[in-house]
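Structure file coords07.tsv (TSV, C-alpha atoms) is printed below.
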```
chain	number	residue	atom	x	y	z
A	1	VAL	CA	13.92	-19.31	27.47
A	2	ALA	CA	14.04	-21.72	24.54
A	3	THR	CA	16.54	-21.24	21.74
A	4	HIS	CA	16.88	-22.75	18.29
A	5	SER	CA	20.14	-24.35	19.40
A	6	ALA	CA	18.20	-26.78	21.59
A	7	PRO	CA	17.27	-30.23	20.20
A	8	PRO	CA	14.00	-29.96	18.21
A	9	ARG	CA	11.98	-32.28	20.48
A	10	LEU	CA	13.14	-30.49	23.63
A	11	LEU	CA	12.42	-27.14	22.00
A	12	ASP	CA	8.92	-28.28	21.03
A	13	ARG	CA	8.22	-29.41	24.61
A	14	LEU	CA	9.48	-26.14	26.06
A	15	LEU	CA	7.45	-24.04	23.63
A	16	GLY	CA	4.39	-26.22	24.17
A	17	TRP	CA	4.66	-25.63	27.91
A	18	ARG	CA	5.00	-21.88	27.28
A	19	ASP	CA	1.96	-21.84	24.99
A	20	ARG	CA	-0.20	-23.70	27.49
A	21	LEU	CA	0.90	-21.34	30.23
A	22	LEU	CA	0.11	-18.21	28.19
A	23	ALA	CA	-3.27	-19.64	27.17
A	24	SER	CA	-4.27	-20.29	30.79
A	25	PRO	CA	-6.78	-17.73	32.15
A	26	ALA	CA	-5.44	-18.40	35.64
A	27	PHE	CA	-1.90	-17.53	34.55
A	28	GLN	CA	-3.13	-14.42	32.74
A	29	ARG	CA	-4.87	-13.20	35.91
A	30	ALA	CA	-1.82	-13.98	38.03
A	31	ALA	CA	0.57	-12.24	35.64
A	32	SER	CA	-1.66	-9.17	35.55
A	33	GLY	CA	-1.81	-9.02	39.35
A	34	PHE	CA	1.85	-9.66	40.20
A	35	ALA	CA	3.91	-6.48	40.39
A	36	LEU	CA	6.93	-7.83	38.51
A	37	THR	CA	4.98	-9.36	35.61
A	38	ARG	CA	2.18	-6.77	35.44
A	39	PRO	CA	4.05	-4.41	33.00
A	40	ILE	CA	4.82	-7.31	30.67
A	41	ALA	CA	1.24	-8.58	30.77
A	42	GLN	CA	-0.15	-5.12	30.10
A	43	ARG	CA	2.25	-4.57	27.19
A	44	ARG	CA	1.31	-7.92	25.63
A	45	ALA	CA	-2.38	-7.12	26.05
A	46	ARG	CA	-1.92	-3.76	24.30
A	47	GLU	CA	0.03	-5.42	21.47
A	48	LEU	CA	-2.72	-7.99	20.97
A	49	PHE	CA	-5.44	-5.34	21.02
A	50	ASP	CA	-3.49	-3.27	18.50
A	51	LEU	CA	-3.57	-6.25	16.13
A	52	VAL	CA	-7.34	-6.53	16.61
A	53	ALA	CA	-7.93	-2.79	16.16
A	54	GLY	CA	-5.24	-2.04	13.58
A	55	PHE	CA	-7.65	-1.58	10.67
A	56	VAL	CA	-9.62	1.01	12.64
A	57	TYR	CA	-6.43	2.89	13.45
A	58	SER	CA	-5.52	2.91	9.76
A	59	GLN	CA	-8.93	4.27	8.83
A	60	VAL	CA	-8.59	7.08	11.38
A	61	LEU	CA	-5.32	8.00	9.67
A	62	ALA	CA	-6.99	7.77	6.26
A	63	ALA	CA	-9.76	10.12	7.36
A	64	CYS	CA	-7.20	12.65	8.62
A	65	VAL	CA	-5.36	12.49	5.30
A	66	GLN	CA	-8.51	12.77	3.18
A	67	LEU	CA	-9.63	15.77	5.21
A	68	ASP	CA	-6.15	17.36	4.94
A	69	LEU	CA	-5.95	17.85	8.70
A	70	PHE	CA	-2.16	17.67	8.98
A	71	LYS	CA	-1.54	20.36	6.39
A	72	ARG	CA	-4.30	22.52	7.85
A	73	LEU	CA	-2.91	22.27	11.38
A	74	SER	CA	0.69	22.91	10.30
A	75	ALA	CA	-0.13	26.64	10.47
A	76	GLY	CA	-1.01	26.33	14.16
A	77	PRO	CA	-3.69	24.97	16.52
A	78	MET	CA	-7.35	25.37	15.57
A	79	THR	CA	-10.60	25.21	17.48
A	80	LEU	CA	-13.04	22.34	17.27
A	81	ALA	CA	-15.64	24.53	15.57
A	82	THR	CA	-13.16	25.74	12.94
A	83	LEU	CA	-12.03	22.19	12.18
A	84	ALA	CA	-15.62	20.99	11.92
A	85	ASP	CA	-16.28	23.72	9.37
A	86	HIS	CA	-13.13	22.79	7.43
A	87	CYS	CA	-14.02	19.08	7.41
A	88	ARG	CA	-17.68	19.77	6.59
A	89	LEU	CA	-18.64	17.46	9.46
A	90	SER	CA	-20.87	17.97	12.44
A	91	VAL	CA	-19.17	19.12	15.62
A	92	GLU	CA	-19.95	15.73	17.18
A	93	ALA	CA	-18.40	13.76	14.29
A	94	THR	CA	-15.36	16.03	14.21
A	95	GLU	CA	-14.85	15.64	17.95
A	96	ARG	CA	-15.02	11.85	17.58
A	97	LEU	CA	-12.38	11.89	14.82
A	98	LEU	CA	-10.13	14.28	16.74
A	99	ALA	CA	-10.34	12.20	19.90
A	100	ALA	CA	-9.34	9.11	17.92
A	101	ALA	CA	-6.45	10.97	16.26
A	102	VAL	CA	-5.25	12.27	19.64
A	103	SER	CA	-5.27	8.75	21.09
A	104	LEU	CA	-3.04	7.64	18.19
A	105	ARG	CA	-0.70	10.63	18.70
A	106	LEU	CA	-1.51	11.97	15.26
A	107	LEU	CA	-2.94	15.11	16.88
A	108	GLU	CA	-2.71	16.73	20.30
A	109	ARG	CA	-5.29	18.47	22.46
A	110	ARG	CA	-3.95	21.96	23.16
A	111	ALA	CA	-4.88	24.54	25.77
A	112	ASP	CA	-8.47	25.71	25.39
A	113	GLY	CA	-9.12	28.96	23.61
A	114	ALA	CA	-11.15	31.93	24.74
A	115	GLY	CA	-14.36	30.81	26.33
A	116	GLY	CA	-12.96	27.32	26.96
A	117	GLU	CA	-13.37	26.16	23.34
A	118	PRO	CA	-11.27	23.01	22.63
A	119	ARG	CA	-8.20	23.49	20.40
A	120	TYR	CA	-6.14	20.90	18.54
A	121	GLY	CA	-2.66	20.83	17.01
A	122	LEU	CA	-0.31	18.35	15.37
A	123	GLY	CA	0.87	15.34	17.34
A	124	VAL	CA	4.30	13.70	17.28
A	125	LEU	CA	3.18	11.21	14.61
A	126	GLY	CA	1.12	13.71	12.62
A	127	ALA	CA	3.75	16.43	12.26
A	128	PRO	CA	6.09	14.30	10.09
A	129	LEU	CA	3.22	13.73	7.65
A	130	VAL	CA	2.65	17.39	6.76
A	131	ASP	CA	4.82	17.34	3.63
A	132	ASN	CA	5.49	13.61	3.40
A	133	GLU	CA	4.20	13.01	-0.11
A	134	ALA	CA	5.27	9.37	-0.05
A	135	VAL	CA	3.36	8.28	3.06
A	136	LEU	CA	0.29	10.35	2.19
A	137	ALA	CA	0.14	8.71	-1.25
A	138	MET	CA	0.39	5.24	0.29
A	139	VAL	CA	-2.37	6.01	2.82
A	140	CYS	CA	-4.71	7.00	-0.01
A	141	HIS	CA	-3.64	3.99	-2.08
A	142	HIS	CA	-4.44	1.57	0.74
A	143	HIS	CA	-8.14	1.94	0.02
A	144	THR	CA	-7.60	-0.53	-2.82
A	145	LEU	CA	-5.48	-2.90	-0.74
A	146	TYR	CA	-7.95	-3.00	2.15
A	147	ALA	CA	-10.79	-3.85	-0.21
A	148	ASP	CA	-8.78	-6.82	-1.49
A	149	LEU	CA	-8.06	-7.94	2.09
A	150	ALA	CA	-11.72	-7.88	3.13
A	151	ASP	CA	-11.70	-11.70	2.88
A	152	PRO	CA	-8.07	-12.71	3.53
A	153	VAL	CA	-8.78	-16.45	3.44
A	154	ALA	CA	-10.40	-16.18	0.00
A	155	LEU	CA	-7.38	-14.18	-1.15
A	156	LEU	CA	-5.02	-16.87	0.13
A	157	ARG	CA	-7.07	-19.59	-1.55
A	158	GLY	CA	-7.45	-17.65	-4.77
A	159	SER	CA	-11.18	-18.36	-4.65
A	160	GLY	CA	-12.53	-14.82	-4.63
A	161	PRO	CA	-12.83	-12.25	-7.40
A	162	PRO	CA	-9.59	-10.97	-8.96
A	163	PRO	CA	-7.97	-8.49	-6.54
A	164	ALA	CA	-8.31	-4.89	-7.64
A	165	LEU	CA	-4.64	-4.39	-6.85
A	166	SER	CA	-3.67	-6.85	-9.57
A	167	GLY	CA	-5.19	-4.48	-12.12
A	168	PHE	CA	-3.40	-1.49	-10.63
A	169	TYR	CA	-0.03	-2.79	-11.86
A	170	PRO	CA	-0.48	-3.71	-15.54
A	171	TYR	CA	2.95	-5.32	-15.83
A	172	THR	CA	1.96	-8.12	-13.45
A	173	ALA	CA	-0.62	-9.56	-15.85
A	174	GLU	CA	0.14	-12.92	-17.43
A	175	ASP	CA	0.20	-11.39	-20.92
A	176	ALA	CA	2.25	-8.35	-19.89
A	177	THR	CA	5.24	-9.52	-21.94
A	178	THR	CA	3.28	-9.45	-25.19
A	179	ARG	CA	1.18	-6.35	-24.59
A	180	ALA	CA	3.62	-4.08	-22.73
A	181	ALA	CA	4.26	-1.92	-25.79
A	182	GLU	CA	0.51	-1.49	-26.26
A	183	LEU	CA	-0.18	-0.04	-22.81
A	184	ALA	CA	-1.59	3.46	-23.18
A	185	PRO	CA	-0.40	6.30	-20.92
A	186	GLU	CA	-3.66	6.33	-18.98
A	187	LYS	CA	-3.13	2.66	-18.10
A	188	VAL	CA	0.16	3.36	-16.35
A	189	GLY	CA	-0.55	6.79	-14.87
A	190	SER	CA	-1.90	5.79	-11.47
A	191	TYR	CA	0.78	3.31	-10.50
A	192	SER	CA	3.55	5.46	-12.00
A	193	GLN	CA	2.42	8.41	-9.90
A	194	LEU	CA	2.30	6.26	-6.77
A	195	MET	CA	5.79	4.88	-7.37
A	196	ALA	CA	7.12	8.37	-8.05
A	197	ALA	CA	5.50	9.76	-4.90
A	198	SER	CA	6.85	6.97	-2.71
A	199	GLN	CA	10.35	6.97	-4.21
A	200	PRO	CA	11.77	9.58	-1.78
A	201	LEU	CA	11.18	7.05	1.02
A	202	VAL	CA	14.07	4.97	-0.30
A	203	ALA	CA	16.17	7.18	-2.61
A	204	ALA	CA	18.05	8.99	0.14
A	205	GLU	CA	18.76	5.74	2.01
A	206	ILE	CA	20.08	4.06	-1.13
A	207	LEU	CA	22.39	6.92	-2.02
A	208	ASP	CA	23.63	7.23	1.56
A	209	ALA	CA	24.36	3.50	1.65
A	210	TYR	CA	26.12	3.38	-1.73
A	211	PRO	CA	27.73	6.58	-3.05
A	212	LEU	CA	28.00	6.63	-6.85
A	213	ASP	CA	31.21	8.63	-7.11
A	214	GLY	CA	33.16	5.78	-8.72
A	215	HIS	CA	30.74	5.22	-11.59
A	216	ARG	CA	30.20	6.99	-14.92
A	217	ARG	CA	26.77	5.76	-16.17
A	218	LEU	CA	23.82	4.35	-14.25
A	219	LEU	CA	21.07	2.28	-15.88
A	220	ASP	CA	17.91	2.25	-13.73
A	221	VAL	CA	15.79	-0.74	-14.77
A	222	GLY	CA	12.07	-0.43	-14.08
A	223	GLY	CA	12.74	3.16	-13.04
A	224	GLY	CA	9.17	4.44	-13.47
A	225	GLU	CA	8.80	8.16	-13.97
A	226	GLY	CA	12.46	8.78	-13.11
A	227	ARG	CA	12.10	10.10	-9.58
A	228	PHE	CA	15.04	8.00	-8.37
A	229	LEU	CA	17.28	9.19	-11.19
A	230	CYS	CA	16.36	12.80	-10.42
A	231	SER	CA	17.62	12.20	-6.87
A	232	VAL	CA	20.75	10.58	-8.28
A	233	ALA	CA	21.31	13.58	-10.56
A	234	GLU	CA	21.42	15.90	-7.55
A	235	ARG	CA	23.88	13.71	-5.65
A	236	ALA	CA	26.16	12.77	-8.59
A	237	PRO	CA	26.28	15.60	-11.14
A	238	HIS	CA	29.02	13.80	-13.11
A	239	LEU	CA	26.91	10.70	-13.76
A	240	GLN	CA	25.22	9.89	-17.08
A	241	LEU	CA	21.75	8.40	-16.55
A	242	THR	CA	19.59	5.94	-18.47
A	243	LEU	CA	16.12	4.74	-17.49
A	244	PHE	CA	14.45	1.61	-18.88
A	245	ASP	CA	10.74	0.96	-18.43
A	246	LEU	CA	7.55	0.29	-20.39
A	247	PRO	CA	7.23	2.70	-23.32
A	248	ALA	CA	4.30	4.61	-21.82
A	249	VAL	CA	6.18	4.95	-18.52
A	250	ALA	CA	9.41	5.98	-20.22
A	251	GLU	CA	7.57	8.84	-21.90
A	252	ARG	CA	6.49	10.12	-18.49
A	253	ALA	CA	10.13	9.91	-17.36
A	254	ARG	CA	11.27	12.00	-20.33
A	255	GLN	CA	8.84	14.70	-19.31
A	256	ARG	CA	10.15	14.62	-15.73
A	257	PHE	CA	13.77	14.81	-16.89
A	258	THR	CA	12.96	17.84	-19.02
A	259	ALA	CA	11.15	19.54	-16.15
A	260	ALA	CA	14.09	18.82	-13.84
A	261	GLY	CA	16.59	20.24	-16.30
A	262	ILE	CA	18.58	17.02	-16.67
A	263	ALA	CA	17.43	15.91	-20.13
A	264	GLY	CA	20.94	16.58	-21.44
A	265	ARG	CA	22.39	13.70	-19.43
A	266	ALA	CA	19.35	11.54	-18.67
A	267	GLN	CA	17.61	9.45	-21.31
A	268	ALA	CA	14.57	7.19	-21.04
A	269	VAL	CA	14.34	4.03	-23.16
A	270	GLY	CA	11.06	2.18	-23.63
A	271	GLY	CA	10.86	-1.59	-23.58
A	272	ASN	CA	10.07	-4.67	-21.52
A	273	PHE	CA	12.78	-6.05	-19.26
A	274	LEU	CA	11.17	-9.50	-19.44
A	275	SER	CA	11.55	-9.81	-23.20
A	276	ASP	CA	13.86	-7.06	-24.48
A	277	GLU	CA	17.59	-6.63	-24.09
A	278	LEU	CA	18.59	-3.81	-21.77
A	279	PRO	CA	20.60	-0.84	-23.05
A	280	THR	CA	24.35	-1.35	-22.70
A	281	GLY	CA	27.06	1.13	-21.82
A	282	ALA	CA	26.37	1.52	-18.09
A	283	ASP	CA	28.84	0.35	-15.47
A	284	ILE	CA	26.15	0.11	-12.78
A	285	VAL	CA	22.56	-1.17	-13.01
A	286	SER	CA	20.00	-0.33	-10.32
A	287	LEU	CA	16.87	-2.33	-9.54
A	288	VAL	CA	14.87	-0.30	-7.02
A	289	ARG	CA	11.75	-2.09	-5.74
A	290	VAL	CA	11.58	-4.32	-8.81
A	291	ILE	CA	12.66	-7.88	-8.02
A	292	HIS	CA	10.20	-8.42	-5.16
A	293	ASP	CA	7.33	-7.71	-7.57
A	294	HIS	CA	8.06	-10.92	-9.51
A	295	ASP	CA	8.19	-14.67	-8.97
A	296	ASP	CA	11.51	-16.51	-9.06
A	297	GLU	CA	11.41	-17.24	-12.80
A	298	ARG	CA	10.84	-13.63	-13.78
A	299	ALA	CA	13.21	-12.33	-11.13
A	300	LEU	CA	15.97	-14.53	-12.52
A	301	ALA	CA	15.21	-13.33	-16.06
A	302	ILE	CA	15.56	-9.71	-14.94
A	303	LEU	CA	18.83	-10.41	-13.12
A	304	LYS	CA	20.23	-12.24	-16.16
A	305	ALA	CA	19.28	-9.29	-18.38
A	306	ALA	CA	21.13	-6.96	-16.02
A	307	TRP	CA	24.16	-9.28	-16.10
A	308	ARG	CA	24.22	-9.22	-19.90
A	309	ALA	CA	23.96	-5.42	-19.97
A	310	LEU	CA	26.89	-4.89	-17.59
A	311	PRO	CA	30.57	-5.00	-18.55
A	312	PRO	CA	33.06	-7.18	-16.64
A	313	GLY	CA	33.44	-5.69	-13.18
A	314	GLY	CA	30.09	-3.91	-13.42
A	315	THR	CA	27.92	-3.35	-10.35
A	316	LEU	CA	24.34	-4.32	-9.54
A	317	LEU	CA	22.58	-2.08	-7.01
A	318	LEU	CA	19.56	-3.92	-5.61
A	319	ALA	CA	17.19	-2.14	-3.21
A	320	GLU	CA	13.84	-3.47	-2.05
A	321	PRO	CA	11.84	-4.62	0.98
A	322	MET	CA	13.42	-7.74	2.45
A	323	ALA	CA	11.93	-10.58	4.45
A	324	GLY	CA	13.41	-11.49	7.81
A	325	THR	CA	15.01	-8.09	8.39
A	326	PRO	CA	15.79	-7.78	12.12
A	327	GLY	CA	13.47	-5.21	13.63
A	328	ALA	CA	11.31	-4.99	10.49
A	329	GLU	CA	9.95	-8.51	10.19
A	330	ALA	CA	6.33	-7.34	10.18
A	331	MET	CA	6.99	-4.98	7.28
A	332	GLY	CA	8.59	-7.58	5.02
A	333	ASP	CA	6.68	-10.70	5.96
A	334	ALA	CA	3.23	-9.36	6.91
A	335	TYR	CA	2.70	-6.10	5.01
A	336	PHE	CA	4.58	-6.86	1.80
A	337	GLY	CA	3.69	-10.56	2.00
A	338	PHE	CA	0.00	-9.79	1.67
A	339	TYR	CA	0.42	-6.71	-0.53
A	340	LEU	CA	2.24	-8.79	-3.14
A	341	LEU	CA	-0.34	-11.56	-2.78
A	342	ALA	CA	-3.08	-9.07	-3.67
A	343	MET	CA	-0.94	-7.71	-6.47
A	344	GLY	CA	-0.85	-11.21	-7.90
A	345	ARG	CA	2.87	-11.79	-8.19
A	346	GLY	CA	6.14	-11.65	-6.29
A	347	ARG	CA	7.28	-11.99	-2.70
A	348	ALA	CA	9.69	-10.43	-0.26
A	349	ARG	CA	12.89	-12.49	0.00
A	350	THR	CA	15.53	-12.89	2.66
A	351	VAL	CA	19.11	-11.73	2.04
A	352	ASP	CA	20.19	-15.35	1.46
A	353	GLU	CA	17.38	-15.94	-1.03
```

In structure tokens, write the structure found in this file.
Amino acid sequence: VATHSAPPRLLDRLLGWRDRLLASPAFQRAASGFALTRPIAQRRARELFDLVAGFVYSQVLAACVQLDLFKRLSAGPMTLATLADHCRLSVEATERLLAAAVSLRLLERRADGAGGEPRYGLGVLGAPLVDNEAVLAMVCHHHTLYADLADPVALLRGSGPPPALSGFYPYTAEDATTRAAELAPEKVGSYSQLMAASQPLVAAEILDAYPLDGHRRLLDVGGGEGRFLCSVAERAPHLQLTLFDLPAVAERARQRFTAAGIAGRAQAVGGNFLSDELPTGADIVSLVRVIHDHDDERALAILKAAWRALPPGGTLLLAEPMAGTPGAEAMGDAYFGFYLLAMGRGRARTVDE
């Protein structure tokens, strides 16, 4: 086992020997046949195949979501014929989809019905999706991301057509600073809805990690439609709330605050955090999934604006996907690394960065 504490040249030699060994067909056959190494070899083979087949797995999930299978099966198991009718697919196509979903543990094959007709119910990975608005919204949204990743090398080189995802977030455009106030509501609706739908994924974790009892006013910068502040309002009924986002987005937040019955203590202010001063008066500023959307120059500008808006002793609450997180490296470095590349700006950063 090589460690980073070893001298670099020794480490390189050890890792080179390991790589040659793993690349050897003879070693692969031996590892697969030896009782002690067989489980490791099989697990590595499955992991490698999952990387090769991952897109297909994602598309099986997308088909289940588009056909509303999880919600439909939440009422109880259904027969193959009934599901085929619901999906408006042939029995053969439905059976193919169900078999794929069962293999991914999204669905389960249940005991046959009368006459031996196959029945299907929710699986251990499908059941949590029944009312999970956040994940379902992201699955549907990934259609755009996957199209942009069709040629990953061209995306990395910047030689292909502009990624569709870069147009999904209007504030990432080069001229966003000058035209932010001109963005019409229809230009911000899609991404605002996605951000609002996916907000519950992180809101509860944030509020569990940092209770707001000791604060009096929270300013949420880049707060979208206000879904996070609605969650805050439930947890901290004493807290005054201010949201700051593009004017068209702030208007959507006002509507949400009114619908939630918190308009009396929650206000939405329109502006551009890259060019406008932030509202003052808050003793805590939150940036929820904001900084990673921007390059270092813009990120620093946002952080400086938050600093100017806070009083001495004020608090910055920063929550976003991080790179190099133990146990979640693939999420920060692979998923968000390429998502932000397609978006056209930003990157996941380590805690030290």

Taking 2 positions as the minimum chain separation for residues in the same chain, which residues sit within 12 Å of Val135 in chain A when counting all atoms listed in the file? Answer as number ranges by chain. A: 61-62, 65, 125-126, 128-133, 137-142, 194-202

As a ChimeraX atom specification, please: the residues near Ala323 in chain A (cut-off 6 Å, only C-alpha atoms, same-chain neighbours under 3 positions excluded). /A:332-333,348-350

Work out how far CA of Gln66 in chain A is from CA of Gly116 in chain A, in Å to one decimal.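 Straight-line distance from CA of Gly116 in chain A to CA of Gln66 in chain A works out to 28.2 Å.
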
Please determine, counting only C-alpha atoms, which residue among A:Leu165, A:Cys87, A:Leu97, A:Ala41 has the shortest atom-to-atom distance to Leu341 in chain A.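 Comparing A:Leu165, A:Cys87, A:Leu97, A:Ala41 against Leu341 in chain A, the winner is A:Leu165.
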
Coordinates-based distance that separates CA of Arg345 in chain A from CA of Pro326 in chain A (Å, one decimal):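 It comes out at 24.4 Å.
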
Quick one, how far is CA of Leu340 in chain A from CA of Ala164 in chain A?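 Between CA of Leu340 in chain A and CA of Ala164 in chain A the gap works out to 12.1 Å.
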
Residue among A:Leu229, A:Gln193, A:Leu80, A:Ala204 lying closest to Val249 in chain A, counting all atoms listed in the file: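 Of A:Leu229, A:Gln193, A:Leu80, A:Ala204, the one nearest Val249 in chain A is A:Gln193, counting all atoms listed in the file.
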
Of the candidates A:Ala319, A:Leu155, A:Val124, A:Leu239, which one gets nearest to Gly344 in chain A if we count only C-alpha atoms?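 Smallest separation from Gly344 in chain A among the options: A:Leu155.
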
Pick the closest to Phe336 in chain A from A:His215, A:His292, A:Lys71, A:Arg46: which is it, counting all atoms listed in the file? A:His292

Give me, as a PyMOL selection string, all polymer residues having an atom no more than 9 Å from range 307-317 of chain A, counting only C-alpha atoms and skipping those fewer than 6 positions away in the same chain. chain A and resi 206+210+277-288

Here is a test: counting all atoms listed in the file, which residue of A:Ala99, A:Met343, A:Leu207, A:Leu107 is nearest to Cys230 in chain A?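 That would be A:Leu207, the residue with the smallest distance to Cys230 in chain A.
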
For Leu136 in chain A, which residue among A:Ala53, A:Leu21, A:Ala306, A:Leu69 is the nearest when counting all atoms listed in the file?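 The answer is A:Leu69, which sits nearest to Leu136 in chain A.
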
Write out as a ChimeraX atom specification the residues lying within 9 Å of Leu300 in chain A, counting only C-alpha atoms and excluding same-chain residues fewer than 5 positions away. /A:291,295,305

With a distance cut-off of 10 Å and only C-alpha atoms, select the neighbouring residues of Ala101 in chain A, excluding the residue or stretch itself and same-chain residues fewer than 4 positions from it, and output the selection as a list of chain:residue names. A:Tyr57, A:Val60, A:Leu61, A:Ala63, A:Cys64, A:Glu95, A:Arg96, A:Leu97, A:Arg105, A:Leu106, A:Leu107, A:Glu108, A:Arg109, A:Leu122, A:Gly123, A:Leu125, A:Gly126
